[in-house]
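With CSV, C-alpha atoms and all ligand atoms inside, this is query_33.csv:
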chain,number,residue,atom,x,y,z
X,1,MET,CA,143.3,-23.4,127.5
X,2,TYR,CA,141.7,-20.9,125.1
X,3,LEU,CA,141.4,-17.6,126.9
X,4,LEU,CA,139.5,-16.4,123.9
X,5,PRO,CA,137.3,-19.2,122.6
X,6,ASN,CA,138.4,-20.6,119.2
X,7,GLU,CA,135.2,-19.4,117.5
X,8,LYS,CA,134.3,-16.9,114.9
X,9,GLN,CA,134.6,-13.3,116.1
X,10,TYR,CA,131.7,-10.9,115.5
X,11,LYS,CA,132.3,-7.2,115.6
X,12,ALA,CA,129.8,-5.3,117.8
X,13,ASN,CA,128.9,-1.8,118.9
X,14,LEU,CA,127.0,-2.1,122.2
X,15,HIS,CA,126.1,1.6,122.7
X,16,THR,CA,123.8,3.3,120.2
X,17,HIS,CA,121.2,6.1,120.3
X,18,THR,CA,118.5,6.5,117.6
X,19,ILE,CA,115.8,9.1,117.0
X,20,LEU,CA,113.8,7.4,119.7
X,21,SER,CA,115.9,9.3,122.2
X,22,ASP,CA,118.5,11.9,121.3
X,23,GLY,CA,120.2,10.2,118.3
X,24,LYS,CA,120.1,11.7,114.8
X,25,LEU,CA,119.6,8.4,112.8
X,26,THR,CA,117.0,5.7,112.7
X,27,ALA,CA,117.8,2.2,113.8
X,28,GLU,CA,117.6,1.1,110.1
X,29,GLU,CA,120.1,3.7,109.0
X,30,LEU,CA,122.5,2.8,111.8
X,31,LYS,CA,122.2,-0.9,110.9
X,32,GLU,CA,123.2,-0.2,107.3
X,33,MET,CA,126.0,2.1,108.3
X,34,TYR,CA,127.6,-0.4,110.7
X,35,LYS,CA,127.0,-3.4,108.4
X,36,ALA,CA,128.9,-1.6,105.6
X,37,GLN,CA,131.9,-1.3,108.0
X,38,GLY,CA,131.9,-5.0,108.9
X,39,TYR,CA,129.9,-5.0,112.1
X,40,GLN,CA,127.4,-7.9,112.8
X,41,ILE,CA,126.0,-6.8,116.2
X,42,MET,CA,124.5,-3.6,117.6
X,43,ALA,CA,122.8,-3.0,120.9
X,44,PHE,CA,120.3,-0.2,120.6
X,45,THR,CA,120.5,1.7,123.9
X,46,ASP,CA,118.1,4.6,123.8
X,47,HIS,CA,117.8,6.7,126.9
X,48,GLU,CA,115.1,5.3,129.3
X,49,PHE,CA,113.4,3.5,126.5
X,50,CYS,CA,113.8,-0.3,126.0
X,51,VAL,CA,112.8,-1.2,122.5
X,52,GLU,CA,113.3,-4.5,120.7
X,53,HIS,CA,114.5,-4.1,117.2
X,54,GLN,CA,114.3,-7.8,116.3
X,55,ASP,CA,112.8,-6.9,112.9
X,56,LEU,CA,116.3,-5.7,112.0
X,57,CYS,CA,117.9,-9.1,112.6
X,58,ASP,CA,119.0,-11.0,109.5
X,59,GLU,CA,121.5,-13.8,108.9
X,60,ASP,CA,124.4,-11.3,109.1
X,61,PHE,CA,123.1,-8.9,111.7
X,62,LEU,CA,121.9,-9.1,115.3
X,63,ALA,CA,120.1,-6.4,117.2
X,64,ILE,CA,120.4,-6.6,121.0
X,65,THR,CA,117.5,-5.3,123.1
X,66,ALA,CA,118.8,-2.7,125.5
X,67,TYR,CA,118.5,0.7,127.0
X,68,GLU,CA,120.5,3.3,129.0
X,69,ILE,CA,119.5,4.8,132.3
X,70,ALA,CA,120.9,8.0,133.8
X,71,THR,CA,120.7,9.0,137.5
X,72,THR,CA,121.9,12.5,138.0
X,73,ASP,CA,123.0,14.3,141.2
X,74,LYS,CA,120.5,17.3,141.1
X,75,ASN,CA,122.4,19.0,143.9
X,76,ASP,CA,125.7,19.1,142.0
X,77,PRO,CA,126.2,22.2,139.9
X,78,GLU,CA,128.2,20.1,137.4
X,79,LYS,CA,125.5,17.4,137.3
X,80,ARG,CA,127.6,14.3,137.9
X,81,THR,CA,125.7,11.3,136.9
X,82,TYR,CA,125.5,7.5,136.7
X,83,HIS,CA,124.9,6.2,133.2
X,84,MET,CA,124.4,2.4,132.8
X,85,ASN,CA,123.3,0.3,129.9
X,86,LEU,CA,121.0,-2.7,130.5
X,87,PHE,CA,121.2,-5.5,127.9
X,88,ALA,CA,118.3,-8.0,127.8
X,89,LYS,CA,119.2,-11.7,127.8
X,90,ASP,CA,115.8,-12.3,126.3
X,91,PRO,CA,115.3,-10.3,123.0
X,92,HIS,CA,111.6,-9.7,123.8
X,93,ASN,CA,112.1,-8.5,127.3
X,94,THR,CA,111.5,-4.8,127.3
X,95,LYS,CA,110.2,-4.4,130.8
X,96,GLN,CA,112.1,-1.5,132.5
X,97,VAL,CA,113.2,-1.4,136.1
X,98,PHE,CA,113.2,1.7,138.3
X,99,PHE,CA,111.4,3.8,135.7
X,100,HIS,CA,109.7,7.1,136.5
X,101,PRO,CA,108.2,9.5,134.0
X,102,SER,CA,110.4,12.3,135.4
X,103,GLN,CA,113.3,10.6,133.8
X,104,ILE,CA,112.2,11.7,130.3
X,105,ASN,CA,111.4,15.2,129.2
X,106,GLU,CA,108.0,16.4,128.1
X,107,LYS,CA,108.8,16.1,124.4
X,108,ARG,CA,108.9,12.3,124.9
X,109,TYR,CA,105.7,11.9,126.9
X,110,HIS,CA,104.0,10.3,123.8
X,111,GLN,CA,106.4,7.4,124.5
X,112,LEU,CA,105.0,6.8,128.0
X,113,PRO,CA,102.3,4.3,126.9
X,114,MET,CA,105.0,2.2,125.2
X,115,ILE,CA,107.3,2.1,128.2
X,116,LYS,CA,106.7,-1.2,130.1
X,117,CYS,CA,107.3,-1.3,133.8
X,118,ASP,CA,105.6,-2.9,136.8
X,119,GLU,CA,105.5,0.3,138.8
X,120,HIS,CA,107.0,3.8,138.7
X,121,LYS,CA,110.1,4.2,140.9
X,122,GLU,CA,112.3,7.1,141.4
X,123,ARG,CA,116.1,6.8,141.4
X,124,GLU,CA,118.4,8.9,143.5
X,125,TYR,CA,122.1,9.6,143.1
X,126,SER,CA,123.8,7.2,145.6
X,127,VAL,CA,125.8,4.0,145.5
X,128,GLU,CA,123.0,2.3,147.6
X,129,CYS,CA,120.3,3.2,145.1
X,130,MET,CA,122.4,2.2,142.1
X,131,ASN,CA,123.0,-1.1,143.7
X,132,GLU,CA,119.3,-1.6,144.1
X,133,VAL,CA,118.8,-0.7,140.5
X,134,ILE,CA,121.6,-3.1,139.4
X,135,ARG,CA,120.1,-5.9,141.5
X,136,ALA,CA,116.6,-5.3,140.0
X,137,ALA,CA,118.1,-5.2,136.5
X,138,ASN,CA,119.9,-8.5,137.1
X,139,GLU,CA,116.8,-10.1,138.5
X,140,ALA,CA,114.9,-8.9,135.5
X,141,GLY,CA,117.3,-10.6,133.1
X,142,TYR,CA,119.7,-7.7,132.1
X,143,LEU,CA,123.4,-7.5,132.0
X,144,VAL,CA,124.5,-4.1,133.3
X,145,SER,CA,127.4,-2.0,132.1
X,146,TYR,CA,128.8,1.1,133.8
X,147,ASN,CA,129.3,3.8,131.2
X,148,HIS,CA,131.8,6.6,130.5
X,149,PRO,CA,132.9,7.5,134.0
X,150,THR,CA,135.0,10.5,133.0
X,151,TRP,CA,132.2,12.3,131.1
X,152,SER,CA,129.9,11.5,134.0
X,153,LEU,CA,132.4,13.4,136.3
X,154,GLN,CA,132.7,10.3,138.6
X,155,ASN,CA,135.5,9.3,140.8
X,156,TYR,CA,136.6,6.3,142.9
X,157,ALA,CA,134.0,6.9,145.6
X,158,ASP,CA,131.2,6.9,143.1
X,159,TYR,CA,132.0,3.5,141.5
X,160,ILE,CA,134.1,1.4,143.9
X,161,GLY,CA,131.0,0.3,145.9
X,162,LEU,CA,128.9,-0.8,142.9
X,163,LYS,CA,128.0,-4.5,143.0
X,164,GLY,CA,126.6,-6.8,140.3
X,165,LEU,CA,128.0,-4.9,137.3
X,166,TRP,CA,128.8,-7.1,134.2
X,167,GLY,CA,130.9,-4.6,132.3
X,168,VAL,CA,132.6,-1.2,132.3
X,169,GLU,CA,133.3,1.0,129.4
X,170,VAL,CA,137.0,1.4,129.0
X,171,ALA,CA,136.5,3.3,125.7
X,172,ASN,CA,133.5,5.4,124.7
X,173,GLY,CA,133.6,6.8,121.2
X,174,ILE,CA,131.6,10.0,121.5
X,175,CYS,CA,133.4,11.0,124.7
X,176,ILE,CA,136.8,10.4,123.1
X,177,ARG,CA,135.8,12.4,120.0
X,178,LYS,CA,134.5,15.2,122.2
X,179,GLY,CA,137.8,15.4,124.2
X,180,TYR,CA,137.0,13.6,127.4
X,181,GLU,CA,139.5,11.1,128.9
X,182,ASP,CA,137.0,8.3,128.3
X,183,PHE,CA,139.7,5.8,127.4
X,184,GLN,CA,140.4,4.7,131.0
X,185,PRO,CA,141.4,1.3,131.9
X,186,HIS,CA,142.2,2.5,135.5
X,187,VAL,CA,138.5,2.3,136.4
X,188,PHE,CA,138.5,-1.2,135.1
X,189,ASP,CA,141.5,-2.1,137.2
X,190,ASP,CA,140.1,-0.5,140.3
X,191,LEU,CA,136.9,-2.6,140.0
X,192,LEU,CA,139.0,-5.7,139.3
X,193,LYS,CA,141.2,-5.2,142.3
X,194,ALA,CA,138.1,-4.9,144.4
X,195,GLY,CA,137.3,-8.4,143.3
X,196,ASN,CA,134.6,-7.7,140.7
X,197,ARG,CA,134.6,-10.1,137.8
X,198,ILE,CA,133.8,-7.4,135.3
X,199,PHE,CA,134.5,-7.1,131.6
X,200,PRO,CA,135.9,-4.2,129.5
X,201,ILE,CA,133.7,-2.7,126.8
X,202,GLY,CA,134.6,-0.4,123.9
X,203,ALA,CA,131.5,1.2,122.2
X,204,ASP,CA,130.8,4.3,120.2
X,205,ASP,CA,127.8,5.7,122.1
X,206,ILE,CA,126.9,7.0,118.7
X,207,HIS,CA,124.4,9.9,118.5
X,208,ASN,CA,125.3,11.2,115.0
X,209,PRO,CA,127.6,9.9,112.3
X,210,GLN,CA,130.7,11.7,113.6
X,211,HIS,CA,130.8,9.2,116.5
X,212,ALA,CA,130.9,6.1,114.4
X,213,PHE,CA,133.6,3.4,114.3
X,214,ILE,CA,135.8,4.6,117.2
X,215,ALA,CA,135.5,1.8,119.8
X,216,PHE,CA,134.1,-1.7,119.6
X,217,ILE,CA,134.2,-5.2,121.0
X,218,LYS,CA,134.8,-8.5,119.2
X,219,VAL,CA,132.7,-11.4,120.5
X,220,ALA,CA,133.9,-15.0,120.1
X,221,SER,CA,130.6,-16.9,119.6
X,222,PRO,CA,129.5,-20.2,118.0
X,223,SER,CA,126.9,-18.3,116.0
X,224,LEU,CA,125.1,-15.0,115.6
X,225,ASN,CA,122.1,-16.4,117.3
X,226,TYR,CA,120.8,-14.1,120.1
X,227,GLY,CA,121.1,-16.7,122.8
X,228,ASP,CA,124.7,-17.7,121.8
X,229,VAL,CA,125.8,-14.1,121.6
X,230,MET,CA,124.3,-13.1,124.9
X,231,ASN,CA,125.8,-16.2,126.5
X,232,ALA,CA,129.3,-15.3,125.1
X,233,LEU,CA,128.9,-11.8,126.4
X,234,GLU,CA,127.8,-13.0,129.8
X,235,LYS,CA,130.9,-15.3,130.0
X,236,GLY,CA,133.2,-12.6,128.9
X,237,ASP,CA,134.2,-14.2,125.6
X,238,PHE,CA,135.2,-10.9,124.0
X,239,TYR,CA,137.7,-8.1,124.1
X,240,ALA,CA,137.4,-4.3,123.7
X,241,SER,CA,139.3,-2.2,121.2
X,242,THR,CA,139.8,1.1,119.5
X,243,GLY,CA,141.8,-0.5,116.7
X,244,PRO,CA,144.0,-3.6,117.2
X,245,GLU,CA,142.5,-7.0,116.8
X,246,ILE,CA,143.3,-10.1,118.8
X,247,HIS,CA,143.2,-13.3,116.7
X,248,SER,CA,144.0,-15.9,119.4
X,249,LEU,CA,144.9,-16.1,123.0
X,250,THR,CA,145.9,-19.3,124.7
X,251,LEU,CA,147.6,-20.4,127.9
X,252,GLU,CA,149.4,-23.7,128.2
X,253,ASN,CA,151.9,-24.8,130.9
X,254,GLY,CA,152.1,-21.3,132.2
X,255,VAL,CA,152.9,-19.8,128.8
X,256,LEU,CA,150.6,-17.2,127.4
X,257,SER,CA,150.5,-17.0,123.5
X,258,ILE,CA,148.9,-14.2,121.6
X,259,LYS,CA,148.4,-13.5,117.9
X,260,CYS,CA,147.1,-10.1,116.9
X,261,SER,CA,147.1,-7.4,114.3
X,262,ASP,CA,150.3,-5.3,113.9
X,263,ALA,CA,151.3,-3.8,117.2
X,264,VAL,CA,154.1,-1.8,118.8
X,265,GLN,CA,153.5,-3.3,122.3
X,266,ILE,CA,151.8,-6.3,123.7
X,267,ARG,CA,151.7,-6.5,127.5
X,268,VAL,CA,150.4,-8.6,130.3
X,269,CYS,CA,149.2,-6.5,133.2
X,270,THR,CA,148.6,-8.1,136.6
X,271,GLN,CA,146.8,-7.0,139.8
X,272,GLY,CA,150.2,-6.0,141.2
X,273,ARG,CA,153.4,-4.4,139.9
X,274,ARG,CA,154.5,-7.3,137.8
X,275,ARG,CA,154.2,-6.7,134.0
X,276,TYR,CA,155.3,-8.7,131.0
X,277,VAL,CA,156.0,-6.6,128.0
X,278,THR,CA,157.4,-7.0,124.5
X,279,ASP,CA,160.4,-5.0,123.8
X,280,SER,CA,159.3,-3.8,120.3
X,281,LEU,CA,159.0,-0.2,121.5
X,282,ALA,CA,162.7,-0.2,122.0
X,283,ASN,CA,163.4,-2.1,118.8
X,284,GLY,CA,161.0,-0.1,116.6
X,285,GLY,CA,159.6,-3.1,114.8
X,286,LEU,CA,156.0,-4.2,114.5
X,287,ILE,CA,154.9,-7.4,116.1
X,288,SER,CA,151.9,-9.6,115.6
X,289,GLU,CA,152.5,-12.4,118.1
X,290,ALA,CA,154.2,-12.9,121.4
X,291,GLU,CA,154.7,-15.5,124.1
X,292,PHE,CA,155.0,-14.8,127.8
X,293,ASP,CA,156.0,-17.2,130.5
X,294,ILE,CA,153.8,-16.0,133.4
X,295,ARG,CA,154.6,-18.9,135.9
X,296,ALA,CA,156.2,-16.4,138.3
X,297,TRP,CA,153.0,-14.5,138.5
X,298,PHE,CA,151.1,-17.7,139.3
X,299,ASP,CA,153.7,-18.8,141.9
X,300,GLU,CA,153.8,-15.6,143.8
X,301,THR,CA,150.0,-14.9,144.0
X,302,ALA,CA,148.7,-17.9,145.9
X,303,GLU,CA,148.1,-15.8,149.0
X,304,ARG,CA,147.2,-12.5,147.2
X,305,LYS,CA,143.8,-10.9,147.2
X,306,ASN,CA,142.0,-11.2,143.8
X,307,PRO,CA,145.0,-12.0,141.6
X,308,PHE,CA,144.4,-11.6,137.9
X,309,PHE,CA,146.1,-10.7,134.7
X,310,ARG,CA,144.8,-9.1,131.5
X,311,ILE,CA,146.4,-8.4,128.1
X,312,ALA,CA,146.7,-5.1,126.3
X,313,VAL,CA,147.8,-4.5,122.7
X,314,THR,CA,148.8,-1.0,121.4
X,315,ASP,CA,149.3,-0.1,117.8
X,316,GLU,CA,151.3,2.6,116.0
X,317,ARG,CA,148.5,5.1,116.3
X,318,GLY,CA,148.2,4.6,120.0
X,319,HIS,CA,145.0,2.7,119.6
X,320,ALA,CA,144.6,-0.3,122.0
X,321,ALA,CA,142.8,-3.5,122.6
X,322,TYR,CA,142.0,-4.8,126.1
X,323,THR,CA,141.1,-8.3,127.1
X,324,ARG,CA,139.0,-9.2,130.1
X,325,ALA,CA,140.9,-10.1,133.3
X,326,PHE,CA,141.6,-13.7,134.0
X,327,PHE,CA,141.5,-14.5,137.7
X,328,ARG,CA,144.0,-17.0,139.2
X,329,ASP,CA,141.3,-19.5,140.1
X,330,GLU,CA,140.0,-19.5,136.5
X,331,VAL,CA,143.3,-20.5,135.0
X,332,THR,CA,144.8,-22.9,137.5
X,333,GLU,CA,144.6,-25.9,135.2
X,334,ALA,CA,146.7,-24.1,132.6
X,335,PHE,CA,149.6,-24.1,135.2
X,336,SER,CA,149.2,-27.5,136.7
X,337,SER,CA,151.3,-29.5,134.2
X,338,ALA,CA,154.0,-26.9,134.4
X,339,GLN,CA,154.3,-27.6,138.1
X,340,LEU,CA,154.7,-31.3,138.0
J,401,ZN,ZN,125.5,7.9,128.7
J,402,ZN,ZN,124.6,6.7,125.6
So, in terms of structure tokens, how does the structure I just supplied come out?
Ligand SMILES: [Zn+2]
Ligand SMILES: [Zn+2]
Amino acid sequence: MYLLPNEKQYKANLHTHTILSDGKLTAEELKEMYKAQGYQIMAFTDHEFCVEHQDLCDEDFLAITAYEIATTDKNDPEKRTYHMNLFAKDPHNTKQVFFHPSQINEKRYHQLPMIKCDEHKEREYSVECMNEVIRAANEAGYLVSYNHPTWSLQNYADYIGLKGLWGVEVANGICIRKGYEDFQPHVFDDLLKAGNRIFPIGADDIHNPQHAFIAFIKVASPSLNYGDVMNALEKGDFYASTGPEIHSLTLENGVLSIKCSDAVQIRVCTQGRRRYVTDSLANGGLISEAEFDIRAWFDETAERKNPFFRIAVTDERGHAAYTRAFFRDEVTEAFSSAQL
């Protein structure tokens, strides 16, 4: 069983701001910058403004139609806030959900005639309202990610009740560069343990060139076609990283095999205390492949709530790659022959 499909991997930055909101560069400049560094996919996620940049697509580059919404607690002196990215499954879908003109400042009022929405709707800072927004976004054909929880000053109570999310940022480039702890797989784990089939995202959230090339995802897709890539994203055929690359990931007869770039540790994390870890930290050598017999995890989790495992790879600089979580019911067939 291929946990990461045996397809070409495309490098993507799914969080980008241009001069259409508070970014310093144009979409064209960003495309050239990222292409030069080996990226093939960018989602343009300007604040409260969904714009299709399909004119930027070429045979080696795909622009994903998207935007970012912010819902801030006005009563909080620290202004805690929900930021979410909405990624359109249809490249020409730019109709926004829960938009209200008060969400952009006066300097941007000239954009109002270009903002498409059925009706103006205010958002308020609450889990209930955010769940309405996520539901409306899903119905309108968007995948929704939950962004940079640490910068947003959010804690468990703010996110554990969210439903319908597709992804969560485990690494946000600008926040990391600015000194926030926005490299945080624990939020990902919390959401997984609550039963959410949610995927990890690494993205730069670039506003100016200093935020480029910090966090990314690699998507395994049959092609760079918009539909193929969005389908791969929706299925979770990708991993997040701030450096290490995962070349292959398979599971056969209960044995998990991974090939990756040079690492100091490869580990399998589960929903519980059980971990499978390479011993290279102790031995001091670099490794680029590993095998783990995880049948014990499978055997002991039949009655557990939301059992899953996920894989993490750490390199010499402390950079890390994170796979999605694989829930027990998704991988049962890769254990069946081992049990006969
Ligand atoms: Zn944000
Ligand atoms: Zn952003």
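From atom CA of X:Arg324 back to atom CA of X:Gly179, the distance works out to 25.3 Å.
Atom pair atom CA of X:Ala263 / atom CA of X:Ile287: separated by 5.2 Å.
Pairwise distance (atom CA of X:Asp76, atom CA of X:Ala157) equals 15.2 Å.
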Practice problem: Identify, counting all atoms listed in the file, the protein, DNA and RNA residues located within 12 Å of ligand ZN 401 (chain J), and give them as an MDAnalysis selection string. | Solution: chainID X and resid 15:17 21:23 45:48 67:72 80:86 145:153 169 172:175 182 203:207
Contact check, stretch 8-68 of chain X to stretch 220-226 of chain X, at most 10 Å, counting all atoms listed in the file, closest pairs as a tab-separated table:
residue	atom	partner	partner_atom	distance
X:Lys8	CA	X:Ala220	CA	5.6
X:Gln9	CA	X:Ala220	CA	4.4
X:Tyr10	CA	X:Ala220	CA	6.5
X:Lys11	CA	X:Ala220	CA	9.1
X:Gln40	CA	X:Leu224	CA	8.0
X:Ile41	CA	X:Leu224	CA	8.3
X:Gln54	CA	X:Tyr226	CA	9.8
X:Cys57	CA	X:Tyr226	CA	9.5
X:Asp58	CA	X:Leu224	CA	9.5
X:Glu59	CA	X:Leu224	CA	7.7
X:Asp60	CA	X:Leu224	CA	7.5
X:Phe61	CA	X:Leu224	CA	7.5
X:Leu62	CA	X:Leu224	CA	6.7
X:Ala63	CA	X:Tyr226	CA	8.3
X:Ile64	CA	X:Tyr226	CA	7.6
X:Thr65	CA	X:Tyr226	CA	9.9
Self-check item: Residue among X:His247, X:Arg328, X:Arg108, X:Arg197 lying closest to X:Lys163, counting only C-alpha atoms
Solution: X:Arg197
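In terms of minimum interatomic distance to ligand ZN 402 (chain J), X:His211 ranks closest within X:His211, X:Lys107, X:His319, X:Arg310, counting all atoms listed in the file.
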Self-check item: For X:Arg275: contacts at 12 Å, all atoms listed in the file, fewer than 3 positions along chain excluded, given as a PyMOL selection string
Solution: chain X and resi 266-272+278+292-294+296-297+308-312
Practice problem: Compile the contact shell of X:Pro200 as JSON, numbers by chain: residues with an atom at most 10 Å away, counting only C-alpha atoms, same-chain residues fewer than 5 positions apart removed. | Solution: {"X": [145, 146, 166, 167, 168, 169, 170, 171, 185, 187, 188, 189, 217, 236, 238, 239, 240, 241, 321, 322, 323, 324, 325]}
Output of the above residues as a PDB file, in the frame of the given file, restricted to C-alpha atoms:
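Saved file selection-v8.pdb follows:
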ATOM      1  CA  SER X 145     127.400  -2.000 132.100  1.00  0.00           C
ATOM      2  CA  TYR X 146     128.800   1.100 133.800  1.00  0.00           C
ATOM      3  CA  TRP X 166     128.800  -7.100 134.200  1.00  0.00           C
ATOM      4  CA  GLY X 167     130.900  -4.600 132.300  1.00  0.00           C
ATOM      5  CA  VAL X 168     132.600  -1.200 132.300  1.00  0.00           C
ATOM      6  CA  GLU X 169     133.300   1.000 129.400  1.00  0.00           C
ATOM      7  CA  VAL X 170     137.000   1.400 129.000  1.00  0.00           C
ATOM      8  CA  ALA X 171     136.500   3.300 125.700  1.00  0.00           C
ATOM      9  CA  PRO X 185     141.400   1.300 131.900  1.00  0.00           C
ATOM     10  CA  VAL X 187     138.500   2.300 136.400  1.00  0.00           C
ATOM     11  CA  PHE X 188     138.500  -1.200 135.100  1.00  0.00           C
ATOM     12  CA  ASP X 189     141.500  -2.100 137.200  1.00  0.00           C
ATOM     13  CA  ILE X 217     134.200  -5.200 121.000  1.00  0.00           C
ATOM     14  CA  GLY X 236     133.200 -12.600 128.900  1.00  0.00           C
ATOM     15  CA  PHE X 238     135.200 -10.900 124.000  1.00  0.00           C
ATOM     16  CA  TYR X 239     137.700  -8.100 124.100  1.00  0.00           C
ATOM     17  CA  ALA X 240     137.400  -4.300 123.700  1.00  0.00           C
ATOM     18  CA  SER X 241     139.300  -2.200 121.200  1.00  0.00           C
ATOM     19  CA  ALA X 321     142.800  -3.500 122.600  1.00  0.00           C
ATOM     20  CA  TYR X 322     142.000  -4.800 126.100  1.00  0.00           C
ATOM     21  CA  THR X 323     141.100  -8.300 127.100  1.00  0.00           C
ATOM     22  CA  ARG X 324     139.000  -9.200 130.100  1.00  0.00           C
ATOM     23  CA  ALA X 325     140.900 -10.100 133.300  1.00  0.00           C
TER      24      ALA X 325
END
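Distance annotation: of X:Leu162, X:Ala27, X:Val127, X:Ala36, the residue with the minimal separation from X:Asp73 is X:Val127; atom set is all atoms listed in the file.
Residue nearest X:Thr301 within the list X:Lys95, X:Arg317, X:Arg274, X:Lys116: X:Arg274 [criterion: smallest interatomic distance, only C-alpha atoms].
Residue nearest ligand ZN 402 (chain J), chosen from X:Asn208, X:Arg135, X:Glu333, X:Lys235 and counting only C-alpha atoms and all ligand atoms: X:Asn208.
Considering the residues X:Glu316, X:Glu252, X:Glu124, X:Asp190 and counting only C-alpha atoms, X:Arg295 has its shortest atom-to-atom contact with X:Glu252.
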